[in-house]
$ cat my_file.txt   # compact mmCIF, C-alpha atoms
# COMPACT_ATOMS: atom_id res chain seq x y z
CA TYR A 1 0.00 0.00 0.00
CA ASP A 2 1.15 3.51 -0.73
CA ASN A 3 0.95 6.57 1.55
CA HIS A 4 -2.69 7.07 0.56
CA GLY A 5 -3.72 3.50 1.46
CA THR A 6 -4.04 2.41 -2.15
CA GLN A 7 -2.90 -1.14 -2.88
CA LEU A 8 0.08 -1.22 -5.19
CA SER A 9 -0.40 -2.60 -8.68
CA ILE A 10 0.24 -6.32 -9.12
CA GLY A 11 2.27 -5.31 -12.15
CA SER A 12 4.79 -3.43 -10.04
CA PHE A 13 8.48 -4.22 -10.31
CA PHE A 14 8.87 -5.82 -6.88
CA TYR A 15 5.60 -7.73 -7.07
CA LEU A 16 6.71 -9.39 -10.30
CA LEU A 17 10.21 -10.00 -8.91
CA PHE A 18 8.94 -11.70 -5.75
CA THR A 19 6.32 -13.69 -7.65
CA GLU A 20 8.89 -15.04 -10.08
CA ASN A 21 11.37 -15.80 -7.31
CA LYS A 22 8.76 -17.89 -5.50
CA LYS A 23 8.46 -20.04 -8.63
CA THR A 24 12.20 -20.54 -8.85
CA PRO A 25 13.68 -23.58 -7.08
CA PHE A 26 16.45 -23.07 -4.54
CA TYR A 27 19.72 -21.66 -5.93
CA THR A 28 18.98 -22.31 -9.58
CA ALA A 29 19.76 -18.78 -10.70
CA LYS A 30 21.01 -15.40 -9.66
CA GLU A 31 18.93 -12.35 -10.35
CA TYR A 32 20.48 -8.95 -9.83
CA ILE A 33 18.67 -5.64 -9.52
CA ASN A 34 20.34 -2.35 -10.24
CA PHE A 35 18.84 0.82 -8.75
CA LYS A 36 20.13 4.05 -10.21
CA ILE A 37 19.03 7.26 -8.55
CA ASN A 38 17.73 9.74 -11.10
CA ASP A 39 19.52 13.01 -11.74
CA GLY A 40 18.46 15.85 -9.48
CA VAL A 41 16.77 13.62 -6.90
CA SER A 42 17.60 14.24 -3.24
CA MET A 43 19.10 11.36 -1.23
CA LEU A 44 17.55 12.76 1.97
CA PRO A 45 14.41 10.55 2.08
CA LEU A 46 16.48 7.39 1.61
CA SER A 47 19.08 8.49 4.17
CA SER A 48 16.36 9.30 6.69
CA LEU A 49 14.72 5.89 6.20
CA ALA A 50 18.08 4.11 6.50
CA GLU A 51 18.75 5.92 9.80
CA GLN A 52 15.33 4.82 11.13
CA MET A 53 16.10 1.21 10.19
CA ILE A 54 19.54 1.31 11.85
CA THR A 55 18.07 2.86 15.02
CA GLU A 56 15.27 0.30 15.15
CA ILE A 57 17.37 -2.80 14.50
CA SER A 58 20.09 -1.82 16.97
CA GLY A 59 17.62 -1.13 19.77
CA MET A 60 15.75 -3.46 22.11
CA ARG A 61 12.28 -1.88 22.07
CA SER A 62 9.17 -4.03 21.85
CA GLY A 63 7.67 -4.46 18.39
CA LYS A 64 11.07 -4.13 16.71
CA SER A 65 10.40 -6.88 14.16
CA TYR A 66 7.09 -5.26 13.13
CA MET A 67 8.70 -1.86 12.80
CA MET A 68 11.45 -3.33 10.63
CA LYS A 69 8.87 -4.97 8.36
CA ALA A 70 7.03 -1.67 8.04
CA LEU A 71 10.22 0.25 7.25
CA LEU A 72 11.22 -2.38 4.71
CA CYS A 73 7.83 -1.96 3.00
CA ARG A 74 8.45 1.79 2.87
CA LEU A 75 11.90 1.21 1.41
CA ILE A 76 10.38 -0.95 -1.33
CA GLU A 77 7.72 1.68 -2.00
CA MET A 78 10.43 4.32 -2.30
CA MET A 79 12.52 2.21 -4.66
CA GLU A 80 9.46 1.54 -6.83
CA ASP A 81 9.07 5.28 -7.39
CA GLN A 82 10.16 5.77 -11.00
CA ASN A 83 10.58 9.50 -10.36
CA MET A 84 13.38 8.61 -7.93
CA TYR A 85 14.98 5.50 -9.40
CA THR A 86 15.60 3.77 -12.67
CA THR A 87 15.52 0.04 -12.02
CA LYS A 88 16.85 -2.79 -14.10
CA ALA A 89 16.91 -6.53 -13.39
CA TYR A 90 19.32 -8.86 -15.09
CA TYR A 91 19.78 -12.59 -14.88
CA ALA A 92 22.96 -14.62 -14.73
CA LYS A 93 23.09 -18.38 -15.15
CA LEU A 94 25.11 -20.50 -12.78
CA SER A 95 28.59 -21.61 -13.69
CA ASN A 96 29.27 -25.36 -13.85
CA GLU A 97 30.86 -25.21 -10.40
CA GLU A 98 27.90 -23.33 -8.90
CA GLU A 99 25.53 -25.84 -10.49
CA VAL A 100 27.41 -28.68 -8.75
CA LEU A 101 27.05 -26.87 -5.41
CA ARG A 102 23.35 -26.22 -6.11
CA LYS A 103 22.71 -29.92 -6.73
CA ILE A 104 24.47 -30.95 -3.53
CA SER A 105 22.78 -28.23 -1.43
CA TYR A 106 19.34 -29.06 -2.80
CA ALA A 107 19.90 -32.77 -2.17
CA TYR A 108 20.99 -32.14 1.43
CA GLU A 109 17.86 -30.07 2.04
CA HIS A 110 15.81 -33.17 1.26
CA LYS A 111 17.95 -35.85 2.89
CA SER A 112 18.61 -37.09 6.41
CA GLY A 113 22.22 -38.15 6.82
CA ILE A 114 25.48 -37.62 4.98
CA PHE A 115 25.92 -38.65 1.34
CA SER A 116 28.54 -41.29 0.52
CA ARG A 117 31.24 -40.55 -2.06
CA SER A 118 29.53 -42.78 -4.61
CA GLU A 119 26.21 -40.98 -4.03
CA ILE A 120 27.92 -37.62 -4.55
CA GLU A 121 29.43 -38.83 -7.83
CA LYS A 122 26.07 -40.17 -9.04
CA LEU A 123 24.33 -36.95 -8.04
CA THR A 124 26.77 -34.56 -9.72
CA GLY A 125 28.30 -36.65 -12.49
CA TYR A 126 31.80 -35.71 -11.31
CA ASN A 127 34.58 -37.43 -9.39
CA SER A 128 34.11 -36.90 -5.65
CA ASP A 129 37.62 -35.43 -5.22
CA TYR A 130 36.79 -32.80 -7.85
CA VAL A 131 33.46 -32.07 -6.12
CA GLU A 132 35.32 -31.73 -2.82
CA ARG A 133 37.58 -29.06 -4.35
CA ILE A 134 34.60 -27.17 -5.78
CA VAL A 135 32.77 -27.16 -2.45
CA LYS A 136 35.89 -26.01 -0.61
CA LYS A 137 36.47 -23.24 -3.15
CA LEU A 138 32.90 -21.90 -3.06
CA THR A 139 32.02 -22.38 0.61
CA GLY A 140 35.28 -22.81 2.50
CA LYS A 141 33.87 -26.09 3.88
CA THR A 142 34.68 -29.72 3.17
CA LEU A 143 31.91 -31.92 1.75
CA SER A 144 31.25 -33.48 5.14
CA GLU A 145 31.21 -30.06 6.86
CA LEU A 146 28.73 -28.76 4.29
CA GLY A 147 26.48 -31.78 4.76
CA ARG A 148 26.69 -31.52 8.52
CA SER A 149 25.71 -27.83 8.44
CA PHE A 150 22.49 -28.66 6.56
CA LEU A 151 21.64 -31.47 8.99
CA LEU A 152 22.28 -29.32 12.06
CA LYS A 153 20.18 -26.46 10.68
CA LYS A 154 17.39 -28.97 10.06
CA ALA A 155 17.76 -30.23 13.66
CA ALA A 156 17.68 -26.66 15.00
CA LEU A 157 14.46 -26.00 13.10
CA MET A 158 12.86 -29.12 14.57
CA LEU A 159 13.96 -28.09 18.06
CA THR A 160 12.13 -24.77 17.79
CA GLU A 161 9.14 -25.69 15.64
CA THR A 162 8.17 -29.13 17.02
CA ASN A 163 7.79 -30.89 20.36
CA MET A 164 9.83 -33.87 19.20
CA LYS A 165 12.21 -35.39 21.73
CA ILE A 166 15.87 -34.61 21.13
CA GLY A 167 16.68 -38.30 20.69
CA THR A 168 14.04 -38.53 17.95
CA ILE A 169 15.40 -35.42 16.22
CA CYS A 170 18.88 -36.91 16.41
CA GLU A 171 17.63 -40.00 14.53
CA GLU A 172 15.60 -37.91 12.07
CA VAL A 173 18.72 -36.15 10.83
CA GLY A 174 20.65 -39.38 10.49
CA TYR A 175 22.65 -39.70 13.72
CA SER A 176 22.39 -42.84 15.85
CA ASN A 177 24.83 -41.69 18.56
CA ARG A 178 23.14 -39.08 20.79
CA ASN A 179 26.40 -38.03 22.48
CA TYR A 180 28.10 -37.41 19.13
CA PHE A 181 25.08 -35.44 17.92
CA ASN A 182 25.17 -33.28 21.09
CA LYS A 183 28.88 -32.61 20.54
CA ILE A 184 28.67 -31.54 16.89
CA PHE A 185 25.53 -29.48 17.64
CA SER A 186 27.35 -27.71 20.48
CA ASP A 187 30.39 -27.10 18.26
CA PHE A 188 28.15 -25.57 15.58
CA TYR A 189 25.76 -23.48 17.74
CA GLY A 190 27.77 -23.01 20.94
CA VAL A 191 25.07 -24.62 23.11
CA THR A 192 23.59 -28.11 23.53
CA PRO A 193 20.33 -28.99 21.73
CA SER A 194 18.32 -28.70 24.95
CA GLU A 195 19.88 -25.30 25.77
CA TYR A 196 19.21 -24.15 22.20
CA ARG A 197 15.53 -25.10 22.52
CA LYS A 198 15.22 -23.28 25.87
CA GLN A 199 16.86 -20.12 24.52
CA LYS A 200 14.65 -19.97 21.45
CA LEU A 201 11.44 -20.64 23.35
CA THR A 202 12.13 -17.84 25.84
CA LEU A 203 12.76 -15.19 23.17

$ encode --input "my_file.txt" --output "structure tokens"
Amino acid sequence: YDNHGTQLSIGSFFYLLFTENKKTPFYTAKEYINFKINDGVSMLPLSSLAEQMITEISGMRSGKSYMMKALLCRLIEMMEDQNMYTTKAYYAKLSNEEEVLRKISYAYEHKSGIFSRSEIEKLTGYNSDYVERIVKKLTGKTLSELGRSFLLKKAALMLTETNMKIGTICEEVGYSNRNYFNKIFSDFYGVTPSEYRKQKLTL
């Protein structure tokens, strides 16, 4: 909605961008947006809005998340103003290496447990040593570290969004040894699974 309470057109730049992005599977493409401020336009409104966002996000006042959402909506409205900005979206396809990482990342999002070397080779069509080098280059992680990060994020989500017992969650993400799971979870998040759940539920 604009300042007058009128709903923005469904043909607007951001509406179309978000709609298309929702149709796009995880990490299959990169879409870049360039915003160029028009000649003679003052930067003051944008600077003022940015200062409000910085003040709000760095404070601890109640309703902060709602205020941030509102300010973000106002930022989008401002950037949609063709009198202020010229906008251009352009699309770049993934490189072969990025496509390999996309396949692995997507597969880990839908799997419980770590992939074997042979599974990695079947999934990507490349030698596992080569895949290991690609993953290290693009993420700074080894294959096993990358896989573990997906599994631990999945476990963290289950800890906060379900009432499942920790032992059950441990098994759901592919770990049979509860003590080992607790250790790698603590290494990754800095707290045990039970402490993580308590912290998130008290926020």

$ atom_distance --input "my_file.txt" --atom1 "CA of Leu46 (chain A)" --atom2 "CA of Met84 (chain A)"
10.1 Å

$ residues_around --input "my_file.txt" --residues "region 174-179 of chain A" --least-positions-apart "3" --cutoff "9 Å" --atoms "all atoms listed in the file" --output "number ranges by chain"
A: 111-114, 151, 166-167, 169-171, 182-184

$ closest_residue --input "my_file.txt" --among "A:Leu72, A:Met60, A:Ile134, A:Ile120" --to "Ala107 (chain A)" --atoms "only C-alpha atoms"
A:Ile120

$ closest_residue --input "my_file.txt" --among "A:Tyr106, A:Arg197, A:Met53, A:Val100" --to "Val135 (chain A)" --atoms "all atoms listed in the file"
A:Val100

$ atom_distance --input "my_file.txt" --atom1 "CA of Tyr32 (chain A)" --atom2 "CA of Phe14 (chain A)"
12.4 Å

$ atom_distance --input "my_file.txt" --atom1 "CA of Glu98 (chain A)" --atom2 "CA of Phe115 (chain A)"
18.5 Å

$ closest_residue --input "my_file.txt" --among "A:Ala155, A:Leu101, A:Ala50, A:Val191" --to "Leu123 (chain A)" --atoms "all atoms listed in the file"
A:Leu101

$ residues_around --input "my_file.txt" --residues "Tyr189 (chain A)" --least-positions-apart "3" --cutoff "10 Å" --atoms "all atoms listed in the file" --output "MDAnalysis selection string"
chainID A and resid 152:153 156 184:186 192:193 196

$ decode --input "my_file.txt" --residues "region 165-180 of chain A" --atoms "N, CA and C atoms" --output "mmCIF file, in the first residue's frame"
data_model
loop_
_atom_site.group_PDB
_atom_site.id
_atom_site.type_symbol
_atom_site.label_atom_id
_atom_site.label_comp_id
_atom_site.auth_asym_id
_atom_site.auth_seq_id
_atom_site.Cartn_x
_atom_site.Cartn_y
_atom_site.Cartn_z
ATOM 1 N N LYS A 165 11.125 -35.177 20.792
ATOM 2 C CA LYS A 165 12.211 -35.393 21.730
ATOM 3 C C LYS A 165 13.540 -35.260 21.005
ATOM 4 N N ILE A 166 14.563 -34.839 21.748
ATOM 5 C CA ILE A 166 15.870 -34.610 21.134
ATOM 6 C C ILE A 166 16.440 -35.901 20.537
ATOM 7 N N GLY A 167 16.223 -37.024 21.220
ATOM 8 C CA GLY A 167 16.680 -38.297 20.691
ATOM 9 C C GLY A 167 16.047 -38.625 19.349
ATOM 10 N N THR A 168 14.766 -38.288 19.210
ATOM 11 C CA THR A 168 14.044 -38.530 17.954
ATOM 12 C C THR A 168 14.586 -37.623 16.850
ATOM 13 N N ILE A 169 14.844 -36.362 17.200
ATOM 14 C CA ILE A 169 15.402 -35.420 16.224
ATOM 15 C C ILE A 169 16.769 -35.898 15.762
ATOM 16 N N CYS A 170 17.550 -36.370 16.698
ATOM 17 C CA CYS A 170 18.882 -36.913 16.406
ATOM 18 C C CYS A 170 18.778 -38.001 15.335
ATOM 19 N N GLU A 171 17.826 -38.918 15.501
ATOM 20 C CA GLU A 171 17.633 -39.996 14.531
ATOM 21 C C GLU A 171 17.084 -39.478 13.217
ATOM 22 N N GLU A 172 16.207 -38.472 13.283
ATOM 23 C CA GLU A 172 15.596 -37.914 12.074
ATOM 24 C C GLU A 172 16.634 -37.317 11.130
ATOM 25 N N VAL A 173 17.690 -36.750 11.685
ATOM 26 C CA VAL A 173 18.721 -36.146 10.829
ATOM 27 C C VAL A 173 19.874 -37.106 10.551
ATOM 28 N N GLY A 174 19.698 -38.369 10.920
ATOM 29 C CA GLY A 174 20.648 -39.384 10.491
ATOM 30 C C GLY A 174 21.744 -39.756 11.457
ATOM 31 N N TYR A 175 21.608 -39.367 12.736
ATOM 32 C CA TYR A 175 22.648 -39.702 13.722
ATOM 33 C C TYR A 175 22.105 -40.714 14.726
ATOM 34 N N SER A 176 22.827 -41.807 14.908
ATOM 35 C CA SER A 176 22.392 -42.843 15.850
ATOM 36 C C SER A 176 23.013 -42.645 17.236
ATOM 37 N N ASN A 177 24.131 -41.903 17.292
ATOM 38 C CA ASN A 177 24.830 -41.687 18.559
ATOM 39 C C ASN A 177 24.442 -40.324 19.128
ATOM 40 N N ARG A 178 23.646 -40.329 20.189
ATOM 41 C CA ARG A 178 23.144 -39.076 20.789
ATOM 42 C C ARG A 178 24.286 -38.204 21.318
ATOM 43 N N ASN A 179 25.292 -38.807 21.937
ATOM 44 C CA ASN A 179 26.404 -38.032 22.484
ATOM 45 C C ASN A 179 27.183 -37.321 21.380
ATOM 46 N N TYR A 180 27.382 -38.022 20.266
ATOM 47 C CA TYR A 180 28.096 -37.409 19.135
ATOM 48 C C TYR A 180 27.277 -36.265 18.545
#
